[in-house]
Structures are given as C-alpha cells and as structure tokens.
Amino acid sequence: MSNTLNSINPVTNQSIGSVDITPCEHIANTVTRARNAQQSWANLSISARITQLKKLSNHLSEKQEQLAQLITQEMGKPIKESRQEILLCHTNLTGYLDEIEQALTPQVKNNNNTESVMYYDPLGVCAVITPWNFPFSLPHGLIIAALAAGNAVIFKPSEETPLSGQAYADLLHQILPPDLVHIIHGSDDQGKALVAQPIDLIAFIGSQQTGKKIMAAASEHLTRIILELGGKDPMIVLEDANIEKAACYATENSFRNAGQVCISTERIYVHEKVIPQFIETLVRETNKIQLGNGMDEATDIGPMVNQTQKNHVLSQIEDAKNKGATIVLDGSNQENNFMAPTILSNIDHDMRIAKEETFGPVACITSISDDDEAVALANDTTLGLGAVVFGQDDHAKTVARHLTAGMIGVNQGCRGVKGTPWIGAKQSGYGYYHSTEGHRQFTQIRVITTRSVA
Ligand code: NAD
C-alpha cells in the first residue's frame, strides 16, 4: 500500500502535492511526546500562552493569498471565499483569545463562611479531527481553544485537504514549543488509531456517521468529546415574509460552497400562497450564479470536492425524481466534479433528500399550509444544527421558538453574534465550542473549597 497521500484538485483531478501518511503504529509515541510537551505549556500562565498564540495572526496575514490559493486548489471553493476564510481567522484571533482568557479566569463562590474557587485547568492531550469544507477555519477554532486552555494538540486534517492542514500546522510550529502540536495524515484508519489512544479530549467536526463511531470509541477510556456534526437545515417562509429577501437568502445559503456547508439550507418550506412568487425569484437569482474554476475571480461556485460526493447528491436527486419531485432547474448534467445549482419542488418526507444530509447545491421546496405543518416538517429529522424563519418579525420569532435546532435565524442566517456558542441540537452535535461555556469544555474544572476567615 502507498504511504503517500496525494491532494487532488477537484477541477483537474490532478495531484497538486502530497504528504506522507502517518503509520498508525507511530501514533502512541506521538501521544507520549505531546503529553511530555504539554507539561511546561500548562505551567505557563494563561496570559503567557495567549500572548504566544496571538503571534499567529501576523503569520496568517502575511501568507493570506498563498493559503487562499491552496484552499481553492485543494477543495474547489471560489478564491474570494478562501481569502475570506483566512481573513476571518487572523482578524478575529485577538478577540477570540481575549474571550477565552476571560472565560478561563477562576470563579469564586461563597456560602456560609465557605469559599469555593473553580479553576479551569488544562485537560492534557486533545485530538482535533476535522473535515475538508473549511480546511483552515474549522481546525483553527478548535486548535486555538485547546491550546489556549493549556492542552497539547494532535491534529488530523481531512484526507481531502492534507496540504491545507499541513500549512496550518507549519505556522503553529513556528510560534510554539516543539512537540506541543502534532499533525497526523491519513484517512479513517489514522482517525480510528488516534481516538483509540488514552487521550483526554477529542474535538471533532464531521459527519453524523463518523461522530457516532467516535463516541463509541471514546467510551473505552471515557475520553471527553466535543462533536460538531452534520445538518439538514430547514428554512421556513411564512405567508407574511418579504419574499424577495427570503428568496435571495435561499439562493445564497443553498448554493454557497456548492452546498458543502454544514448550515446550508437543505429544505425550504414555503406557504402555499406565496410559493409561485418565491420559486420565480429563486430561479431568477440562481440564474445569476457563475459556475467555474474557483481560481477565476468571477466564479461564484466551484466544483464539488470529489466524485463520491457528487454521486451521493445525484443519487438523492434521482430518488426524489422517482418519487414525484418536480425539477424546476436541473444543474446535474455537468462534467467531472462540477454540478450547477439545482432546484426541486414538491418534495415530501418519503424522499431521501428530505431526511439525509445532501451537502450539495440543491434547493428543495415543499409547500406548507400553516405554521404547525411547517414546524412539524422542519423538526422531522434526527439532525438539528441550524434553521431559519422568514416572516413578519414577531410571527417568525414565535415559529422559531418551536424549532428543534441549536441555532435559529429570524429573517437572517442562523449564526449567533460573537460570544454565543456554535451548537447543534439532537444528532447534530454533542458538546459545543465558542462562548464562555464552550471554551470551558477544553478544560478540567477543579473546585477548591476552603473555610473563609470569620
Ligand atoms: P467525515 O466524518 O467523513 O470525516 C471527518 C474527519 O474524520 C476526517 O478527517 C476523517 O478522516 C476522519 N474520520 C473518518 N472516520 C473516522 C473514524 N472512524 N474515527 C476518527 N476519525 C475518522 O466528514 P467529511 O466528509 O470530511 O465532512 C463533511 C461533514 O462534516 C458533513 O456531515 C458536515 O455537515 C460536517 N460538518 C459539520 C460542521 C459543524 O460545525 N457542525 C462543520 C463543517 C462540516
């Protein structure tokens, strides 16, 4: 078996570089080295660790264009979105680290002449395992939170984006002590070998299916886990919605990154009275989208990451067609890994596309006759990452409170403001990150209780 992992450009299907696959039998030793390095990192004050981590910002900013091009060539997203991904990593870093420092400041509670102090101590060695759709920002969010809390990190990037993963680890190696951050390359086998180790935390972003396997594997050592998993996000368009705004949002959020976003709009429930106008506007906006090589500045959506992902999407469309869906716009007939935006209507919940994550550029529309029906259908899934409701503000907020998702947007996207968690409900997640409580999940809380002076 080859010990090299090639990174394939989804536009050309050619290799753009390779990394050495990490032998699984080396991983135990990697954990030992990380554990040794973690001791002195944990002994630094949190502000000393944070000062060191803030240096990453300049390195990211200096290499922004080079890193953006690498992302686009490796997984296909438009270059303007890759630049934005790197930009957000470095411009938000200082604020993110300051927020972590504040979250991990010891908390004091008093009761009846007794004082307890809660300390947020490092856990030890943290595995960070990530997917390919945001190959910089997703590992960055988890790794920075783990390191700032005083942990060592063993990072396993997706096998689809090993060069982006390696580039990120190289930047960390420039600013951090030796052995504190390790990278291991490979696919499921390396991931399985890593989570089987006696480590202290597994921070994982990826599919629901892999999340379940990781949870099972973690039970061996009762390893702490944070799982950020897939979504099947609904959008509800109420009778009193601004249809122009709703359709523009649906266009943007169904097709961005070729639909390969965990909070993509995957299902759209539109009130029967406004459905013709909604579809007409959606089609008009979708026809403006430019499909092409992500390296072209004019491209709005690039290829899908690989043929397997494209086939998965095509098979869901085929199943929906066979079960009576109407093809409003057919973008499936494209060469290689490309797939243009596709719009389906008359979707019902007997179709796979209404229940399983699609992760492709498909907008799926279902007609609803009232709020109760919309809520029942939106909640009819095992997943619950994001959701959005468009309608008159108070009406839409009332509907939003009935949705079983972790993040719900009213007349806008589902992402919360700075300081709120990135969080899934039901099988979209277990644990979470960002926010005060999220930062503390990378720590061991220790409570020290003493008698106060009378
Ligand atoms: P995936 O689950 O196939 O792989 C993710 C990572 O897990 C990869 O690095 C992979 O090598 C590794 N892995 C695979 N099997 C493993 C195992 N048994 N043990 C340990 N590691 C293993 O996911 P993907 O296809 O790379 O990414 C797409 C998925 O990620 C979608 O479901 C998407 O919704 C989800 N995602 C979720 C979020 C979120 O914040 N909730 C963000 C982005 C993507």
# chains A, B, ... in the order shown; residues from 1 in each chain; ligands from 1
$ residues_near_ligand --ligand "ligand 1" --cutoff "9 Å" --atoms "only C-alpha atoms and all ligand atoms" --output "short mmCIF file (atom, residue, chain, number, x, y, z; two decimals) with N, CA, C and O atoms, in the first residue's frame"
data_model
loop_
_atom_site.label_atom_id
_atom_site.label_comp_id
_atom_site.auth_asym_id
_atom_site.auth_seq_id
_atom_site.Cartn_x
_atom_site.Cartn_y
_atom_site.Cartn_z
N VAL A 128 -7.71 16.77 17.55
CA VAL A 128 -8.60 17.64 16.76
C VAL A 128 -8.73 17.00 15.38
O VAL A 128 -7.74 16.86 14.65
N ILE A 129 -9.93 16.58 15.04
CA ILE A 129 -10.17 15.86 13.77
C ILE A 129 -11.19 16.66 12.97
O ILE A 129 -12.27 16.97 13.49
N THR A 130 -10.85 16.99 11.74
CA THR A 130 -11.70 17.96 11.02
C THR A 130 -11.99 17.53 9.58
O THR A 130 -11.27 16.72 9.00
N PRO A 131 -13.04 18.14 8.99
CA PRO A 131 -13.40 17.83 7.60
C PRO A 131 -12.70 18.77 6.61
O PRO A 131 -11.84 19.56 7.01
N TRP A 132 -13.14 18.74 5.35
CA TRP A 132 -12.42 19.44 4.29
C TRP A 132 -13.11 20.72 3.84
O TRP A 132 -12.55 21.48 3.06
N ASN A 133 -14.35 21.00 4.29
CA ASN A 133 -15.11 22.09 3.64
C ASN A 133 -14.65 23.48 4.07
O ASN A 133 -14.80 24.43 3.31
N PHE A 134 -14.11 23.60 5.28
CA PHE A 134 -13.44 24.84 5.71
C PHE A 134 -12.11 24.39 6.31
O PHE A 134 -11.96 24.30 7.53
N LEU A 138 -12.03 25.72 10.44
CA LEU A 138 -12.56 24.74 11.40
C LEU A 138 -11.47 24.22 12.34
O LEU A 138 -11.62 24.30 13.56
N LYS A 156 -5.60 15.95 13.12
CA LYS A 156 -5.77 15.06 11.97
C LYS A 156 -6.69 15.78 10.98
O LYS A 156 -7.92 15.79 11.13
N PRO A 157 -6.11 16.40 9.94
CA PRO A 157 -6.96 17.06 8.94
C PRO A 157 -7.61 16.02 8.04
O PRO A 157 -7.21 14.85 8.02
N SER A 158 -8.57 16.47 7.27
CA SER A 158 -9.22 15.56 6.31
C SER A 158 -8.22 15.09 5.26
O SER A 158 -7.34 15.83 4.84
N GLU A 159 -8.42 13.87 4.81
CA GLU A 159 -7.58 13.31 3.73
C GLU A 159 -7.79 14.05 2.42
O GLU A 159 -7.01 13.93 1.49
N GLU A 160 -8.90 14.85 2.32
CA GLU A 160 -9.14 15.64 1.09
C GLU A 160 -8.30 16.92 1.08
O GLU A 160 -8.10 17.51 0.02
N THR A 161 -7.89 17.38 2.25
CA THR A 161 -7.18 18.67 2.33
C THR A 161 -5.92 18.58 3.20
O THR A 161 -5.73 19.39 4.11
N HIS A 185 -1.39 12.42 9.26
CA HIS A 185 -2.08 12.39 7.97
C HIS A 185 -2.61 11.01 7.67
O HIS A 185 -1.96 10.00 7.99
N GLY A 186 -3.75 10.97 6.99
CA GLY A 186 -4.32 9.70 6.56
C GLY A 186 -5.82 9.81 6.54
O GLY A 186 -6.37 10.91 6.54
N SER A 187 -6.49 8.66 6.52
CA SER A 187 -7.95 8.70 6.45
C SER A 187 -8.56 8.07 7.70
O SER A 187 -8.07 8.30 8.81
N ASP A 188 -9.61 7.26 7.52
CA ASP A 188 -10.31 6.68 8.68
C ASP A 188 -9.35 5.92 9.61
O ASP A 188 -9.48 5.99 10.82
N ASP A 189 -8.41 5.18 9.01
CA ASP A 189 -7.55 4.33 9.84
C ASP A 189 -6.76 5.15 10.85
O ASP A 189 -6.66 4.78 12.03
N GLN A 190 -6.21 6.28 10.38
CA GLN A 190 -5.43 7.13 11.29
C GLN A 190 -6.36 7.78 12.32
O GLN A 190 -6.00 7.90 13.50
N GLY A 191 -7.56 8.16 11.86
CA GLY A 191 -8.53 8.74 12.80
C GLY A 191 -8.89 7.73 13.89
O GLY A 191 -8.90 8.06 15.08
N LYS A 192 -9.15 6.49 13.46
CA LYS A 192 -9.53 5.44 14.44
C LYS A 192 -8.39 5.19 15.42
O LYS A 192 -8.60 5.03 16.62
N ALA A 193 -7.15 5.12 14.88
CA ALA A 193 -6.00 4.85 15.75
C ALA A 193 -5.81 5.98 16.75
O ALA A 193 -5.44 5.74 17.91
N LEU A 194 -6.09 7.20 16.32
CA LEU A 194 -5.92 8.34 17.22
C LEU A 194 -6.96 8.32 18.35
O LEU A 194 -6.61 8.47 19.53
N VAL A 195 -8.23 8.09 17.99
CA VAL A 195 -9.25 8.15 19.05
C VAL A 195 -9.20 6.94 19.98
O VAL A 195 -9.78 6.97 21.06
N ALA A 196 -8.47 5.91 19.56
CA ALA A 196 -8.32 4.73 20.43
C ALA A 196 -7.27 4.96 21.53
O ALA A 196 -7.17 4.17 22.47
N PHE A 204 -14.08 17.03 17.55
CA PHE A 204 -14.32 16.51 16.20
C PHE A 204 -15.34 17.35 15.46
O PHE A 204 -16.39 17.70 16.01
N ILE A 205 -15.07 17.65 14.21
CA ILE A 205 -16.07 18.23 13.31
C ILE A 205 -16.16 17.32 12.09
O ILE A 205 -15.13 17.01 11.46
N GLY A 206 -17.35 16.87 11.77
CA GLY A 206 -17.50 15.97 10.63
C GLY A 206 -18.91 15.42 10.57
O GLY A 206 -19.86 16.04 11.09
N SER A 207 -19.05 14.27 9.96
CA SER A 207 -20.39 13.74 9.70
C SER A 207 -21.00 13.08 10.93
O SER A 207 -20.30 12.63 11.84
N GLN A 208 -22.31 12.96 10.88
CA GLN A 208 -23.06 12.27 11.93
C GLN A 208 -22.57 10.83 12.09
O GLN A 208 -22.38 10.33 13.19
N GLN A 209 -22.33 10.17 10.94
CA GLN A 209 -21.92 8.76 10.97
C GLN A 209 -20.58 8.59 11.68
O GLN A 209 -20.42 7.72 12.54
N THR A 210 -19.60 9.44 11.33
CA THR A 210 -18.29 9.33 11.98
C THR A 210 -18.40 9.74 13.45
O THR A 210 -17.75 9.14 14.32
N GLY A 211 -19.23 10.73 13.73
CA GLY A 211 -19.42 11.17 15.12
C GLY A 211 -19.87 10.01 16.01
O GLY A 211 -19.39 9.84 17.13
N LYS A 212 -20.76 9.18 15.47
CA LYS A 212 -21.25 8.03 16.26
C LYS A 212 -20.11 7.04 16.54
O LYS A 212 -20.00 6.49 17.63
N LYS A 213 -19.27 6.84 15.51
CA LYS A 213 -18.14 5.90 15.70
C LYS A 213 -17.17 6.45 16.74
O LYS A 213 -16.64 5.71 17.56
N ILE A 214 -16.96 7.76 16.70
CA ILE A 214 -16.02 8.36 17.65
C ILE A 214 -16.57 8.27 19.07
O ILE A 214 -15.85 7.96 20.02
N ALA A 217 -15.96 4.80 20.24
CA ALA A 217 -14.53 4.56 20.52
C ALA A 217 -14.11 5.27 21.81
O ALA A 217 -13.29 4.75 22.58
N LEU A 227 -18.45 16.99 19.75
CA LEU A 227 -18.77 16.56 18.38
C LEU A 227 -19.62 17.63 17.71
O LEU A 227 -20.71 17.96 18.19
N GLU A 228 -19.13 18.18 16.62
CA GLU A 228 -19.90 19.13 15.81
C GLU A 228 -20.21 18.42 14.50
O GLU A 228 -19.31 18.20 13.67
N LEU A 229 -21.48 18.03 14.31
CA LEU A 229 -21.80 17.08 13.22
C LEU A 229 -22.65 17.73 12.13
O LEU A 229 -22.78 18.93 12.06
N GLY A 230 -23.21 16.87 11.30
CA GLY A 230 -23.90 17.35 10.09
C GLY A 230 -25.22 18.06 10.38
O GLY A 230 -25.71 18.09 11.51
N GLY A 231 -25.77 18.64 9.33
CA GLY A 231 -27.04 19.34 9.46
C GLY A 231 -27.99 18.98 8.32
O GLY A 231 -27.60 18.34 7.33
N LYS A 232 -29.24 19.36 8.48
CA LYS A 232 -30.25 19.21 7.43
C LYS A 232 -31.15 20.42 7.57
O LYS A 232 -32.36 20.31 7.79
N GLN A 260 -21.79 22.72 0.14
CA GLN A 260 -20.97 21.89 1.04
C GLN A 260 -20.66 22.66 2.33
O GLN A 260 -19.50 22.93 2.66
N VAL A 261 -21.71 23.03 3.01
CA VAL A 261 -21.60 23.78 4.26
C VAL A 261 -22.55 23.11 5.26
O VAL A 261 -23.68 22.75 4.89
N CYS A 262 -22.09 22.95 6.51
CA CYS A 262 -22.94 22.23 7.48
C CYS A 262 -24.25 22.95 7.73
O CYS A 262 -25.25 22.31 8.05
N ILE A 263 -24.26 24.30 7.61
CA ILE A 263 -25.51 25.04 7.83
C ILE A 263 -26.12 25.51 6.51
O ILE A 263 -26.84 26.52 6.48
N SER A 264 -25.86 24.78 5.44
CA SER A 264 -26.56 25.07 4.17
C SER A 264 -28.05 24.91 4.38
O SER A 264 -28.50 24.05 5.15
N GLN A 309 -18.79 12.52 -3.58
CA GLN A 309 -19.75 13.49 -3.03
C GLN A 309 -20.79 13.85 -4.10
O GLN A 309 -21.99 13.94 -3.82
N GLU A 357 -28.58 14.21 5.05
CA GLU A 357 -27.79 15.37 4.65
C GLU A 357 -27.40 15.24 3.18
O GLU A 357 -26.99 14.16 2.72
N THR A 358 -27.56 16.33 2.40
CA THR A 358 -27.24 16.29 0.97
C THR A 358 -25.81 16.78 0.74
O THR A 358 -25.01 16.12 0.09
N PHE A 359 -25.49 17.96 1.28
CA PHE A 359 -24.15 18.54 1.14
C PHE A 359 -23.82 18.78 -0.34
O PHE A 359 -22.75 18.41 -0.84
N LEU A 385 -28.96 21.24 13.44
CA LEU A 385 -27.87 22.22 13.58
C LEU A 385 -28.44 23.64 13.50
O LEU A 385 -28.64 24.29 14.50
N TRP A 422 -21.37 27.81 19.01
CA TRP A 422 -21.67 27.11 17.75
C TRP A 422 -22.21 25.76 18.21
O TRP A 422 -21.46 24.94 18.74
N ILE A 423 -23.50 25.52 18.02
CA ILE A 423 -24.11 24.41 18.76
C ILE A 423 -25.21 23.73 17.96
O ILE A 423 -26.04 24.39 17.34
N GLY A 424 -25.19 22.41 17.97
CA GLY A 424 -26.23 21.65 17.32
C GLY A 424 -27.17 21.03 18.34
O GLY A 424 -26.77 20.77 19.49
N SER A 428 -27.01 16.52 15.68
CA SER A 428 -26.05 17.41 15.01
C SER A 428 -24.87 17.75 15.91
O SER A 428 -23.94 18.44 15.47
N GLY A 429 -24.92 17.34 17.15
CA GLY A 429 -23.78 17.67 17.98
C GLY A 429 -23.88 17.11 19.38
O GLY A 429 -24.95 16.68 19.82
N TYR A 432 -20.10 21.50 22.50
CA TYR A 432 -20.06 22.62 21.56
C TYR A 432 -18.82 23.45 21.81
O TYR A 432 -18.08 23.20 22.79
#
$ residues_around --residues "Leu5 of chain A" --least-positions-apart "6" --cutoff "6 Å" --atoms "only C-alpha atoms" --output "ChimeraX atom specification"
/A:18-19,21
$ closest_residue --among "A:Ala340, A:Ala258, A:Ile27, A:Ala374" --to "Glu239 of chain A" --atoms "only C-alpha atoms"
A:Ala374
$ select_by_dssp --residues "segment 196-317 of chain A" --states "helix (DSSP H, G or I)" --output "ChimeraX atom specification"
/A:208-218,243-259,275-286,307-317
$ atom_distance --atom1 "atom CA of Tyr433 of chain A" --atom2 "atom CA of Thr398 of chain A"
26.7 Å
$ atom_distance --atom1 "atom CA of Thr30 of chain A" --atom2 "atom CA of Ile8 of chain A"
27.2 Å
$ residues_around --residues "Arg224 of chain A" --least-positions-apart "4" --cutoff "7 Å" --atoms "only C-alpha atoms" --output "number ranges by chain"
A: 200-202
$ write_last_selection --atoms "N, CA and C atoms" --output "short mmCIF file (atom, residue, chain, number, x, y, z; two decimals), in the first residue's frame"
data_model
loop_
_atom_site.label_atom_id
_atom_site.label_comp_id
_atom_site.auth_asym_id
_atom_site.auth_seq_id
_atom_site.Cartn_x
_atom_site.Cartn_y
_atom_site.Cartn_z
N ASP A 200 -7.14 12.86 26.26
CA ASP A 200 -8.01 13.50 27.25
C ASP A 200 -9.24 14.17 26.66
N LEU A 201 -9.16 14.52 25.38
CA LEU A 201 -10.31 15.17 24.73
C LEU A 201 -10.24 14.87 23.23
N ILE A 202 -11.40 14.60 22.65
CA ILE A 202 -11.50 14.50 21.19
C ILE A 202 -12.43 15.63 20.75
#
$ closest_residue --among "A:Gly95, A:Gly360, A:Pro23, A:Gly386" --to "Gly416 of chain A" --atoms "only C-alpha atoms"
A:Gly386
$ residues_around --residues "segment 43-48 of chain A" --least-positions-apart "6" --cutoff "8 Å" --atoms "only C-alpha atoms" --output "list of chain:residue names"
A:Glu101, A:Ala148, A:Ala149, A:Gly150
$ closest_atom_pairs --of "segment 150-244 of chain A" --to "segment 271-293 of chain A" --cutoff "8 Å" --atoms "only C-alpha atoms" --output "tab-separated table"
residue	atom	partner	partner_atom	distance
A:Val237	CA	A:His271	CA	6.2
A:Leu238	CA	A:His271	CA	5.5
A:Glu239	CA	A:His271	CA	5.4
A:Ile243	CA	A:Phe278	CA	5.9
A:Glu244	CA	A:Thr281	CA	6.7
$ select_by_dssp --residues "segment 190-335 of chain A" --states "strand (DSSP E)" --output "PyMOL selection string"
chain A and resi 201-205+224-228+233-237+265-271+326-329
$ write_last_selection --atoms "C-alpha atoms" --output "mmCIF file, in the first residue's frame"
data_model
loop_
_atom_site.group_PDB
_atom_site.id
_atom_site.type_symbol
_atom_site.label_atom_id
_atom_site.label_comp_id
_atom_site.auth_asym_id
_atom_site.auth_seq_id
_atom_site.Cartn_x
_atom_site.Cartn_y
_atom_site.Cartn_z
ATOM 1 C CA LEU A 201 -10.310 15.166 24.728
ATOM 2 C CA ILE A 202 -11.497 14.501 21.188
ATOM 3 C CA ALA A 203 -12.716 17.647 19.431
ATOM 4 C CA PHE A 204 -14.320 16.507 16.197
ATOM 5 C CA ILE A 205 -16.071 18.233 13.309
ATOM 6 C CA ARG A 224 -14.189 13.688 26.790
ATOM 7 C CA ILE A 225 -15.724 14.545 23.426
ATOM 8 C CA ILE A 226 -16.935 17.588 21.560
ATOM 9 C CA LEU A 227 -18.770 16.558 18.380
ATOM 10 C CA GLU A 228 -19.898 19.132 15.808
ATOM 11 C CA ASP A 233 -31.166 22.829 7.960
ATOM 12 C CA PRO A 234 -34.739 23.901 7.252
ATOM 13 C CA MET A 235 -35.878 27.321 6.092
ATOM 14 C CA ILE A 236 -39.492 28.323 6.708
ATOM 15 C CA VAL A 237 -41.037 31.035 4.534
ATOM 16 C CA THR A 265 -30.271 25.487 3.596
ATOM 17 C CA GLU A 266 -31.224 21.915 2.680
ATOM 18 C CA ARG A 267 -35.031 22.121 2.941
ATOM 19 C CA ILE A 268 -37.351 25.051 2.217
ATOM 20 C CA TYR A 269 -40.955 25.047 3.489
ATOM 21 C CA VAL A 270 -42.923 27.794 1.769
ATOM 22 C CA HIS A 271 -46.502 28.866 2.489
ATOM 23 C CA THR A 326 -40.600 18.374 -9.877
ATOM 24 C CA ILE A 327 -37.339 19.541 -11.440
ATOM 25 C CA VAL A 328 -37.553 23.332 -11.531
ATOM 26 C CA LEU A 329 -33.915 23.849 -12.548
#
$ residues_around --residues "Ile154 of chain A" --least-positions-apart "2" --cutoff "6 Å" --atoms "only C-alpha atoms" --output "PyMOL selection string"
chain A and resi 127+181-183
$ write_last_selection --atoms "N, CA and C atoms" --output "PDB file, in the first residue's frame"
ATOM      1  N   ALA A 127      -7.135  15.564  20.784  1.00  0.00           N
ATOM      2  CA  ALA A 127      -7.159  15.247  19.344  1.00  0.00           C
ATOM      3  C   ALA A 127      -8.135  16.198  18.666  1.00  0.00           C
ATOM      4  N   VAL A 181       2.324  20.655  19.225  1.00  0.00           N
ATOM      5  CA  VAL A 181       1.308  20.396  18.194  1.00  0.00           C
ATOM      6  C   VAL A 181       1.862  19.363  17.225  1.00  0.00           C
ATOM      7  N   HIS A 182       1.103  18.335  16.992  1.00  0.00           N
ATOM      8  CA  HIS A 182       1.494  17.295  16.023  1.00  0.00           C
ATOM      9  C   HIS A 182       0.423  17.210  14.949  1.00  0.00           C
ATOM     10  N   ILE A 183       0.841  16.801  13.764  1.00  0.00           N
ATOM     11  CA  ILE A 183      -0.150  16.546  12.722  1.00  0.00           C
ATOM     12  C   ILE A 183       0.004  15.096  12.283  1.00  0.00           C
TER      13      ILE A 183
END
$ residues_around --residues "Lys245 of chain A" --least-positions-apart "2" --cutoff "12 Å" --atoms "only C-alpha atoms" --output "JSON, numbers by chain"
{"A": [237, 240, 241, 242, 243, 247, 248, 249, 250, 251, 252, 277, 278, 281, 282, 285, 389, 390, 391, 392, 410, 411, 412, 413]}
